[in-house]
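Colleague: Quick one: the structure is below, questions incoming.
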Amino acid sequence: FLSAVGAPSKAARPEEIMSVDQTVDDLVQKLSEHRSQLEQVEQLLVAKPGDSMLTKLHEDLKKVVELTEDLMKTQEERRAKEVKVGDRCEAVWTDGKWYTARVDSVDEANNKYGVTYLVYGNTGEVRIENMRPYKHAKKSQVRVGAEVRAFWQADGLFYPATVESITSNGHYRVNFKGYKYKAELSLSEILPIHQENDDELPEKAVIPDHLKIKPTDNVKQKELKKKKIKALKSRHRKRKIEVETEKKKNSWQSFLTGGKKKLRALKNRKKSIFASPDSVDGRVGVVGSGKRMTTFDDRKRHSFQEDSSVAGVKLPQFN
């Protein structure tokens, strides 16, 4: 029973929870598990009221849940103090998925953080629990010739690029696709070409709540929102084209690779003895059937000349 519910005395003692410096994501997952365990114990207590073991387990789980919630709050407060304007991070968009972003504004008192999503250019407002540390590309993903997303200093967004070379100081020389522009960037300024949510790009651009036009907006506010919405839709269209192009490219490369493999297999394939014969005289199941018989030249005995000799030794004559 204890293994099925997950005894806190073994896996989640209160002192262990408070002593380990865990991420908020880990704590959220553990809190969900502890709450689920607590619900199971409460259901069992309904069937067996007054059971001493279940009562003790219920009290321990309640303490674990409370301590986990307190630790989550502490972690979020500590992380909120570390967040600064201009920092890169990953933030949740309105579709509930994580995207690379930049912090534009901080309202710690109201737990509101304005962000710009750096791949699509959208802007939004998130809470601290919907933010996590920024992740750049790994070295294995940034080799010469690799397709990546590189930081463009002009607008602070990331665009598709190709790695041309690696400099002596460990930086990467990239060429932006579709633009006559090159840059030398550090690894922290490069993202992998395949984002977590590339295949799940919405059909239409999602307009965040703060950009939606309200009846209370004045003319100036409406015009400003319209401009931002237009720019957002334009970036979304471009992004869709990039994703579709990348999909077609990968599909074509996969097709070519598969075709070459099939061609090699056909060349190396041995002919079956049950294949159709090559001529009308051939028979199925007989190797080489239908072909002409092998011809050989007539054998003749060699005749040596009478004066033939080797090192003074007279050779025998054959009749």
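In the structure tokens, chains take letters A, B, ... by order of appearance, with residues numbered from 1 within each chain and ligands from 1 in the order shown.
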Write out as JSON lines a residue-level contact list of range 98-196 of chain A versus range 88-92 of chain A with cut-off 7 Å: for each qualifying residue the closest pair of atoms and the distance in Å to one decimal, counting only C-alpha atoms, rows sorted by chain and residue number upward.
Modeller:
```
{"residue": "A:Trp98", "atom": "CA", "partner": "A:Val92", "partner_atom": "CA", "distance": 4.5}
{"residue": "A:Tyr99", "atom": "CA", "partner": "A:Glu90", "partner_atom": "CA", "distance": 5.2}
{"residue": "A:Thr100", "atom": "CA", "partner": "A:Glu90", "partner_atom": "CA", "distance": 4.4}
{"residue": "A:Ala101", "atom": "CA", "partner": "A:Cys89", "partner_atom": "CA", "distance": 5.3}
{"residue": "A:Arg102", "atom": "CA", "partner": "A:Arg88", "partner_atom": "CA", "distance": 4.4}
{"residue": "A:Val103", "atom": "CA", "partner": "A:Arg88", "partner_atom": "CA", "distance": 6.3}
{"residue": "A:Asn130", "atom": "CA", "partner": "A:Val92", "partner_atom": "CA", "distance": 5.5}
{"residue": "A:Met131", "atom": "CA", "partner": "A:Ala91", "partner_atom": "CA", "distance": 4.5}
{"residue": "A:Arg132", "atom": "CA", "partner": "A:Glu90", "partner_atom": "CA", "distance": 5.2}
{"residue": "A:Pro133", "atom": "CA", "partner": "A:Cys89", "partner_atom": "CA", "distance": 4.9}
{"residue": "A:Tyr134", "atom": "CA", "partner": "A:Cys89", "partner_atom": "CA", "distance": 3.9}
```
Colleague: Mind running range 173-243 of chain A against range 140-158 of chain A at 7 Å and telling me each contacting residue's nearest atom pair with the distance in Å (one decimal), counting only C-alpha atoms, chain and number ascending, as a tab-separated table?
Modeller:
```
residue	atom	partner	partner_atom	distance
A:Glu189	CA	A:Phe151	CA	5.4
A:Ile190	CA	A:Ala150	CA	4.7
A:Leu191	CA	A:Arg149	CA	4.9
A:Pro192	CA	A:Val148	CA	5.1
A:Ile193	CA	A:Val148	CA	4.2
```
Colleague: Could you turn the residues from that selection into a file that holds N, CA and C atoms, as a CSV table (one decimal), in the first residue's frame?
Modeller:
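Output file result36.csv follows:
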```
chain,number,residue,atom,x,y,z
A,189,GLU,N,24.5,33.7,-28.4
A,189,GLU,CA,23.6,34.5,-29.3
A,189,GLU,C,23.1,33.6,-30.4
A,190,ILE,N,23.1,32.3,-30.3
A,190,ILE,CA,22.7,31.4,-31.3
A,190,ILE,C,21.7,30.4,-30.7
A,191,LEU,N,20.6,30.2,-31.5
A,191,LEU,CA,19.6,29.2,-31.1
A,191,LEU,C,19.6,28.0,-32.1
A,192,PRO,N,19.2,26.8,-31.7
A,192,PRO,CA,19.1,25.7,-32.7
A,192,PRO,C,18.0,26.1,-33.7
A,193,ILE,N,18.1,25.6,-34.9
A,193,ILE,CA,17.2,25.9,-36.0
A,193,ILE,C,15.8,25.3,-35.7
```
Colleague: Using only C-alpha atoms, I'd like a table of the residues in range 212-246 of chain A that come within 12 Å of range 104-118 of chain A; for each, show the closest atom pair and its distance in Å rounded to one decimal, ordered by chain and ascending number, as a Markdown table.
Modeller:
```
| residue | atom | partner | partner_atom | distance |
| --- | --- | --- | --- | --- |
| A:Leu232 | CA | A:Tyr117 | CA | 10.8 |
| A:Arg235 | CA | A:Leu118 | CA | 11.0 |
| A:His236 | CA | A:Tyr117 | CA | 11.7 |
| A:Arg239 | CA | A:Leu118 | CA | 11.8 |
```
Colleague: Measuring between only C-alpha atoms, which one of A:Glu82, A:Lys228, A:Val41, A:His194 shows the shortest distance to Glu246 in chain A?
Modeller: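 Comparing A:Glu82, A:Lys228, A:Val41, A:His194 against Glu246 in chain A, the winner is A:His194.
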Colleague: What is the CA of His171 in chain A-CA of Asp87 in chain A distance in Å, reported with one decimal?
Modeller: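 About the pair CA of His171 in chain A and CA of Asp87 in chain A: they are 20.8 Å apart.
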Colleague: Apply DSSP to the structure's backbone, then extract all residues of range 126-193 of chain A labelled strand (DSSP E or B) and return them as a PyMOL selection string.
Modeller: chain A and resi 126+131-133+147-152+157-166+172-176+182-185+190-192
Colleague: Taking only C-alpha atoms into account, name the residue in A:Leu211, A:Val119, A:Val243, A:Val126 that is nearest to Tyr159 in chain A.
Modeller: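 Among the listed residues, the smallest separation from Tyr159 in chain A belongs to A:Val119.
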Colleague: Out of A:Leu45, A:Ile166, A:Leu71, A:Ala205, which residue has the shortest atom-to-atom distance to Lys30 in chain A when counting only C-alpha atoms?
Modeller: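 Ranked by minimum distance to Lys30 in chain A, first place goes to A:Leu71.
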